[in-house]
Amino acid sequence: MGINSYVSSPKGTTNSNMTKLFNTIGLIGKPHHQGTNQTLRRLHHWLSVQGFNVIVEERVAAELGPEVCSMDLLEMGEHCDLAIVVGGDGNMLGAARVLARFDVAVIGVNRGNLGFLTDLPPDNFEDALSKVLDGEFETEHRFLLEAEVHRHGKITSSNTAVNEAVLHPGKIAHMIQFEVYIDEQFMYSQRADGMIVSTPTGSTAYSLSAGGSILTPNLQALILVPMFPHTLSCRPIVVDACSTIKLVVSPNNGENLEVSCDGHVHLAVLPGDEIFIRRSNERLRLIHPKGHNYFHVLRNKLGWGSKLF
C-alpha cells in the first residue's frame with residue numbers, strides 16, 4: 001500500500017480519538033536486516049492492534065508485506081507525529097537529518113552495537129513504549145550542524161549533520177594543510193589528517209575515538225578535534241555553539257578532499273575551498289522513557305565502573 005492509498009488527519013488530530021498524543025506513527029529501520037525486520041513486524045502489528053495509523057519507510061516496507069502503508073522519509077515527516085527508528089545510531093542519524101526539519105518526535109529501538117540514541121530494547125519494547133505513548137516520556141532537543149563548501153565565494157554543496165562534520169582526505173589517509181577561523185578570527189594553521197567539528201551528540205562518536213572530550217547533551221557548544229596533528233601541542237578545543245567555524249584548505253593540498261556529515265553524506269572539497277560549519281536552525285526532538293539518565297547510558301555503553309559505595 002503506497003502513499004496514494006493512505007489518508008490521514010493532520011498532525012496531532014485523529015478522527016476516532018482526540019486524546020492521543022501520537023496518532024500517526026512512522027517505522028524506520030535498516031533494510032535487509034533480519035533482526036530489524038522482526039522488530040518492525042512486531043511493532044507494526046502491536047501498534048495497528050491498538051488503533052494507531054502506522055506508516056513504514058519505503059525502503060523496509062516491502063519486507064513487511066504488500067498491505068503495509070509506505071512513504072519516503074520526507075512524506076513521513078509531513079504525516080507522522082512520532083517516528084520509531086529500529087537499528088543503531090547510524091540509522092537514527094540518517095532519519096534525524098530529515099525528520100528534524102518537521103519537528104517529529106523520534107525514539108529509537110536498539111538493534112545496533114552501542115546505541116547512545118536508541119533507548120528501547122528490541123525484544124520487550126511493549127511496556128516501555130506503552131508508557132511513552134500514554135505521555136510518560138522526557139523530551140530532549142539536540143541541535144544539528146550545517147556544513148557548506150564555498151568555492152570562489154559561492155556555495156558548491158551543503159548538508160546537515162547530527163553528530164559531526166569532518167574535513168579529511170578522500171580515500172587514502174594522508175596529511176593535509178588548512179587554517180581554522182572562529183567567527184572570522186584566526187585560530188591556527190594545521191597540518192593533520194583532518195578536523196572533526198562535533199556537536200555534544202557526536203562527542204561520544206568519532207570525536208571521542210579521536211581523543212575529544214564528552215560534552216553533555218544540554219551544552220550549547222561545539223568541540224573541534226584535530227585528527228593526528230603534526231604537533232604535540234595541538235589539543236581539542238570547545239567553543240560556543242553560536243560560533244561559525246571556517247576551515248580554509250591550503251591551495252598546496254592535493255585533490256580528492258571531502259567533508260563528511262555523520263559519515264554518510266560526502267561533500268567534495270578542492271584546494272583553496274572554504275568550509276563553513278555552524279549550528280543549524282533545525283533541532284532533533286528526541287524522546288526518552290521516564291527516568292532516562294545520560295550518565296547511566298555512558299556507564300552502560302562505555303563500560304565505566306559502577307558505584308563502589
# chains A, B, ... in the order shown; residues from 1 in each chain; ligands from 1
>>> residues_around(residues="range 279-293 of chain A", least_positions_apart="3", cutoff="9 Å", atoms="only C-alpha atoms", output="short mmCIF file (atom, residue, chain, number, x, y, z; two decimals) with C-alpha atoms, in the first residue's frame")
data_model
loop_
_atom_site.label_atom_id
_atom_site.label_comp_id
_atom_site.auth_asym_id
_atom_site.auth_seq_id
_atom_site.Cartn_x
_atom_site.Cartn_y
_atom_site.Cartn_z
CA ALA A 96 17.16 12.53 12.15
CA ARG A 97 18.79 14.62 9.41
CA LEU A 99 12.90 14.46 10.29
CA ALA A 100 14.44 17.32 12.31
CA ARG A 101 13.04 19.86 9.85
CA PHE A 102 9.48 18.64 10.60
CA ASP A 103 9.72 18.62 14.42
CA VAL A 104 8.67 14.97 14.54
CA ALA A 105 9.24 13.25 17.89
CA VAL A 106 11.78 10.42 17.48
CA ILE A 107 12.53 7.41 19.67
CA GLY A 108 14.87 4.50 18.96
CA LEU A 117 20.49 7.41 20.87
CA THR A 118 18.31 4.28 20.95
CA ASP A 119 16.60 3.60 24.28
CA LEU A 120 14.09 0.78 23.81
CA ALA A 128 8.26 1.00 27.91
CA LEU A 129 6.67 2.08 24.63
CA LYS A 131 4.13 4.37 28.76
CA VAL A 132 5.68 6.67 26.16
CA GLU A 136 5.14 9.27 30.18
CA PHE A 137 8.31 10.44 28.47
CA GLU A 138 11.04 13.06 28.60
CA THR A 139 11.81 15.34 25.68
CA GLU A 140 15.29 16.39 24.68
CA HIS A 141 16.27 18.70 21.82
CA ARG A 142 19.58 18.10 20.05
CA PHE A 143 20.87 20.75 17.67
CA LEU A 144 22.28 19.90 14.24
CA LEU A 145 25.21 21.29 12.28
CA GLU A 146 25.11 22.87 8.85
CA ALA A 147 28.19 22.44 6.67
CA THR A 160 23.37 18.87 7.80
CA ALA A 161 24.85 16.62 10.47
CA VAL A 162 23.63 15.40 13.85
CA THR A 199 28.05 18.55 18.45
CA LEU A 222 30.97 22.56 19.69
CA ALA A 241 27.68 26.71 19.62
CA CYS A 242 26.86 30.15 18.22
CA SER A 243 30.34 30.28 16.70
CA THR A 244 30.95 29.98 12.97
CA HIS A 296 23.69 5.69 33.22
CA VAL A 297 23.86 5.48 29.42
CA LEU A 298 27.55 6.42 29.48
#
>>> closest_atom_pairs(of="range 220-241 of chain A", to="range 187-195 of chain A", cutoff="9 Å", atoms="only C-alpha atoms", output="CSV")
residue,atom,partner,partner_atom,distance
A:Leu224,CA,A:Met195,CA,7.0
A:Val225,CA,A:Met195,CA,5.9
A:Pro226,CA,A:Met195,CA,4.5
A:Met227,CA,A:Gly194,CA,5.0
A:Phe228,CA,A:Ala192,CA,5.5
A:Pro229,CA,A:Ala192,CA,4.1
A:His230,CA,A:Arg191,CA,5.6
A:Thr231,CA,A:Arg191,CA,8.1
A:Cys234,CA,A:Gln190,CA,8.8
>>> write_last_selection(atoms="N, CA and C atoms", output="short mmCIF file (atom, residue, chain, number, x, y, z; two decimals), in the first residue's frame")
data_model
loop_
_atom_site.label_atom_id
_atom_site.label_comp_id
_atom_site.auth_asym_id
_atom_site.auth_seq_id
_atom_site.Cartn_x
_atom_site.Cartn_y
_atom_site.Cartn_z
N LEU A 224 36.13 20.97 18.58
CA LEU A 224 36.99 20.81 17.41
C LEU A 224 38.12 19.86 17.79
N VAL A 225 38.24 18.77 17.05
CA VAL A 225 39.24 17.74 17.37
C VAL A 225 40.11 17.51 16.13
N PRO A 226 41.39 17.92 16.16
CA PRO A 226 42.29 17.62 15.04
C PRO A 226 42.56 16.12 14.98
N MET A 227 42.68 15.60 13.77
CA MET A 227 42.95 14.18 13.57
C MET A 227 44.44 13.98 13.30
N PHE A 228 45.13 13.34 14.26
CA PHE A 228 46.55 13.05 14.13
C PHE A 228 47.35 14.29 13.72
N PRO A 229 47.30 15.35 14.52
CA PRO A 229 48.01 16.59 14.16
C PRO A 229 49.52 16.40 14.19
N HIS A 230 50.21 17.20 13.36
CA HIS A 230 51.67 17.10 13.24
C HIS A 230 52.35 17.99 14.27
N THR A 231 51.82 17.97 15.50
CA THR A 231 52.41 18.70 16.62
C THR A 231 51.81 18.14 17.90
N CYS A 234 48.92 20.49 19.96
CA CYS A 234 47.56 20.74 19.48
C CYS A 234 46.58 19.83 20.20
#
>>> closest_atom_pairs(of="range 46-141 of chain A", to="range 246-266 of chain A", cutoff="10 Å", atoms="only C-alpha atoms", output="tab-separated table")
residue	atom	partner	partner_atom	distance
A:Gly90	CA	A:Asp262	CA	8.2
A:Leu93	CA	A:Asp262	CA	7.3
A:Gly94	CA	A:His264	CA	7.8
A:Arg97	CA	A:Asp262	CA	9.5
>>> residues_around(residues="range 41-48 of chain A", least_positions_apart="6", cutoff="8 Å", atoms="only C-alpha atoms", output="PyMOL selection string")
chain A and resi 27+54+64
>>> atom_distance(atom1="CA of Phe52 in chain A", atom2="CA of Gly115 in chain A")
26.3 Å
>>> atom_distance(atom1="CA of Ile275 in chain A", atom2="CA of Phe116 in chain A")
28.3 Å
>>> select_by_dssp(residues="range 89-126 of chain A", states="helix (DSSP H, G or I)", output="list of chain:residue names")
A:Asp89, A:Gly90, A:Asn91, A:Met92, A:Leu93, A:Gly94, A:Ala95, A:Ala96, A:Arg97, A:Val98, A:Leu99, A:Ala100, A:Arg101, A:Phe102, A:Glu126
>>> select_by_dssp(residues="range 85-190 of chain A", states="strand (DSSP E or B)", output="PyMOL selection string")
chain A and resi 85-87+105-110+120+137-151+154-161+164-169+176-182+185-190
>>> atom_distance(atom1="CA of Phe178 in chain A", atom2="CA of Val269 in chain A")
12.0 Å
>>> residues_around(residues="Gly29 in chain A", least_positions_apart="2", cutoff="10 Å", atoms="only C-alpha atoms", output="list in words")
Leu27, Pro31, His32, His33, Thr36, Asn37, Thr39, Leu40, Val56, Glu57, Glu58, Arg59, Val60, Ala61, Ile84, Val85, Val86, Gly87, Gly88, Asn91, Met92, Ala95, Gly108, Val109 and Arg111 of chain A
>>> closest_residue(among="A:Leu73, A:Ile172, A:Ile55, A:Leu219", to="Gly26 in chain A", atoms="only C-alpha atoms")
A:Ile55
>>> residues_around(residues="Pro121 in chain A", least_positions_apart="3", cutoff="8 Å", atoms="only C-alpha atoms", output="compact mmCIF listing (two decimals) with all heavy atoms, in the first residue's frame")
# COMPACT_ATOMS: atom_id res chain seq x y z
N VAL A 109 14.71 2.09 18.88
CA VAL A 109 14.79 0.72 19.39
C VAL A 109 16.17 0.20 19.00
O VAL A 109 16.52 0.18 17.81
CB VAL A 109 13.69 -0.17 18.80
CG1 VAL A 109 13.86 -1.61 19.29
CG2 VAL A 109 12.31 0.35 19.15
N ASN A 110 16.96 -0.21 19.97
CA ASN A 110 18.36 -0.53 19.72
C ASN A 110 18.54 -1.91 19.07
O ASN A 110 18.31 -2.94 19.68
CB ASN A 110 19.16 -0.47 21.01
CG ASN A 110 20.65 -0.62 20.76
OD1 ASN A 110 21.12 -0.44 19.65
ND2 ASN A 110 21.40 -0.94 21.80
N ASN A 124 11.60 -6.70 24.17
CA ASN A 124 10.47 -6.44 25.09
C ASN A 124 10.22 -4.94 25.19
O ASN A 124 10.30 -4.36 26.27
CB ASN A 124 10.74 -7.06 26.46
CG ASN A 124 12.06 -6.61 27.07
OD1 ASN A 124 12.91 -6.07 26.38
ND2 ASN A 124 12.21 -6.81 28.37
N PHE A 125 9.92 -4.35 24.04
CA PHE A 125 9.71 -2.90 23.97
C PHE A 125 8.33 -2.48 24.45
O PHE A 125 8.08 -1.30 24.71
CB PHE A 125 9.90 -2.41 22.53
CG PHE A 125 8.98 -3.07 21.54
CD1 PHE A 125 7.65 -2.67 21.40
CD2 PHE A 125 9.43 -4.12 20.75
CE1 PHE A 125 6.81 -3.29 20.49
CE2 PHE A 125 8.59 -4.74 19.84
CZ PHE A 125 7.27 -4.32 19.71
>>> closest_residue(among="A:Lys30, A:Arg278, A:Arg235, A:His152", to="Ser213 in chain A", atoms="only C-alpha atoms")
A:Arg235
>>> closest_residue(among="A:Pro217, A:Gly170, A:Gly272, A:Pro200", to="Val239 in chain A", atoms="only C-alpha atoms")
A:Pro200
>>> closest_residue(among="A:Glu148, A:Glu179, A:Asp240, A:Asp127", to="Ala268 in chain A", atoms="only C-alpha atoms")
A:Glu148
>>> residues_around(residues="Ser203 in chain A", least_positions_apart="6", cutoff="9 Å", atoms="only C-alpha atoms", output="VMD selection string")
chain A and resid 163 to 164 212 to 216 222 to 223
>>> write_last_selection(atoms="all heavy atoms", output="JSON list (two decimals), in the first residue's frame")
[["chain", "number", "residue", "atom", "x", "y", "z"],
["A", 163, "ASN", "N", 25.79, 14.41, 14.30],
["A", 163, "ASN", "CA", 26.99, 14.12, 15.08],
["A", 163, "ASN", "C", 28.13, 15.09, 14.80],
["A", 163, "ASN", "O", 28.57, 15.81, 15.68],
["A", 163, "ASN", "CB", 27.49, 12.69, 14.81],
["A", 163, "ASN", "CG", 26.88, 11.68, 15.74],
["A", 163, "ASN", "OD1", 26.13, 12.02, 16.64],
["A", 163, "ASN", "ND2", 27.20, 10.42, 15.52],
["A", 164, "GLU", "N", 28.64, 15.05, 13.56],
["A", 164, "GLU", "CA", 29.82, 15.83, 13.25],
["A", 164, "GLU", "C", 29.97, 16.07, 11.76],
["A", 164, "GLU", "O", 29.43, 15.35, 10.92],
["A", 164, "GLU", "CB", 31.09, 15.12, 13.76],
["A", 164, "GLU", "CG", 31.49, 13.87, 13.00],
["A", 164, "GLU", "CD", 30.76, 12.61, 13.39],
["A", 164, "GLU", "OE1", 30.75, 12.26, 14.58],
["A", 164, "GLU", "OE2", 30.19, 11.96, 12.47],
["A", 212, "GLY", "N", 38.65, 13.39, 21.77],
["A", 212, "GLY", "CA", 37.88, 14.53, 22.22],
["A", 212, "GLY", "C", 37.15, 14.27, 23.52],
["A", 212, "GLY", "O", 36.93, 13.12, 23.93],
["A", 213, "SER", "N", 36.76, 15.35, 24.19],
["A", 213, "SER", "CA", 36.01, 15.23, 25.44],
["A", 213, "SER", "C", 34.55, 14.92, 25.18],
["A", 213, "SER", "O", 34.01, 15.23, 24.11],
["A", 213, "SER", "CB", 36.11, 16.54, 26.23],
["A", 213, "SER", "OG", 37.45, 16.84, 26.57],
["A", 214, "ILE", "N", 33.90, 14.33, 26.16],
["A", 214, "ILE", "CA", 32.45, 14.12, 26.10],
["A", 214, "ILE", "C", 31.76, 15.39, 26.55],
["A", 214, "ILE", "O", 32.07, 15.94, 27.61],
["A", 214, "ILE", "CB", 32.04, 12.94, 27.00],
["A", 214, "ILE", "CG1", 32.63, 11.63, 26.46],
["A", 214, "ILE", "CG2", 30.52, 12.83, 27.08],
["A", 214, "ILE", "CD1", 32.39, 10.44, 27.36],
["A", 215, "LEU", "N", 30.82, 15.86, 25.76],
["A", 215, "LEU", "CA", 30.00, 17.02, 26.10],
["A", 215, "LEU", "C", 28.60, 16.53, 26.43],
["A", 215, "LEU", "O", 27.99, 15.82, 25.64],
["A", 215, "LEU", "CB", 29.94, 18.01, 24.94],
["A", 215, "LEU", "CG", 31.25, 18.50, 24.33],
["A", 215, "LEU", "CD1", 30.97, 19.50, 23.22],
["A", 215, "LEU", "CD2", 32.15, 19.11, 25.39],
["A", 216, "THR", "N", 28.07, 16.91, 27.57],
["A", 216, "THR", "CA", 26.71, 16.50, 27.91],
["A", 216, "THR", "C", 25.73, 17.16, 26.95],
["A", 216, "THR", "O", 25.96, 18.27, 26.46],
["A", 216, "THR", "CB", 26.37, 16.88, 29.36],
["A", 216, "THR", "OG1", 26.57, 18.28, 29.55],
["A", 216, "THR", "CG2", 27.23, 16.10, 30.34],
["A", 222, "LEU", "N", 30.37, 23.39, 20.73],
["A", 222, "LEU", "CA", 30.97, 22.56, 19.69],
["A", 222, "LEU", "C", 32.37, 22.18, 20.15],
["A", 222, "LEU", "O", 33.02, 22.94, 20.86],
["A", 222, "LEU", "CB", 31.07, 23.31, 18.36],
["A", 222, "LEU", "CG", 29.78, 23.88, 17.76],
["A", 222, "LEU", "CD1", 30.10, 24.73, 16.55],
["A", 222, "LEU", "CD2", 28.84, 22.75, 17.37],
["A", 223, "ILE", "N", 32.83, 21.02, 19.72],
["A", 223, "ILE", "CA", 34.21, 20.63, 20.01],
["A", 223, "ILE", "C", 34.94, 20.39, 18.70],
["A", 223, "ILE", "O", 34.41, 19.74, 17.80],
["A", 223, "ILE", "CB", 34.28, 19.40, 20.94],
["A", 223, "ILE", "CG1", 35.74, 19.08, 21.28],
["A", 223, "ILE", "CG2", 33.55, 18.20, 20.37],
["A", 223, "ILE", "CD1", 35.92, 18.08, 22.39]]
>>> closest_residue(among="A:Leu21, A:Leu267, A:Ala165, A:Ile28", to="Ser70 in chain A", atoms="only C-alpha atoms")
A:Ile28
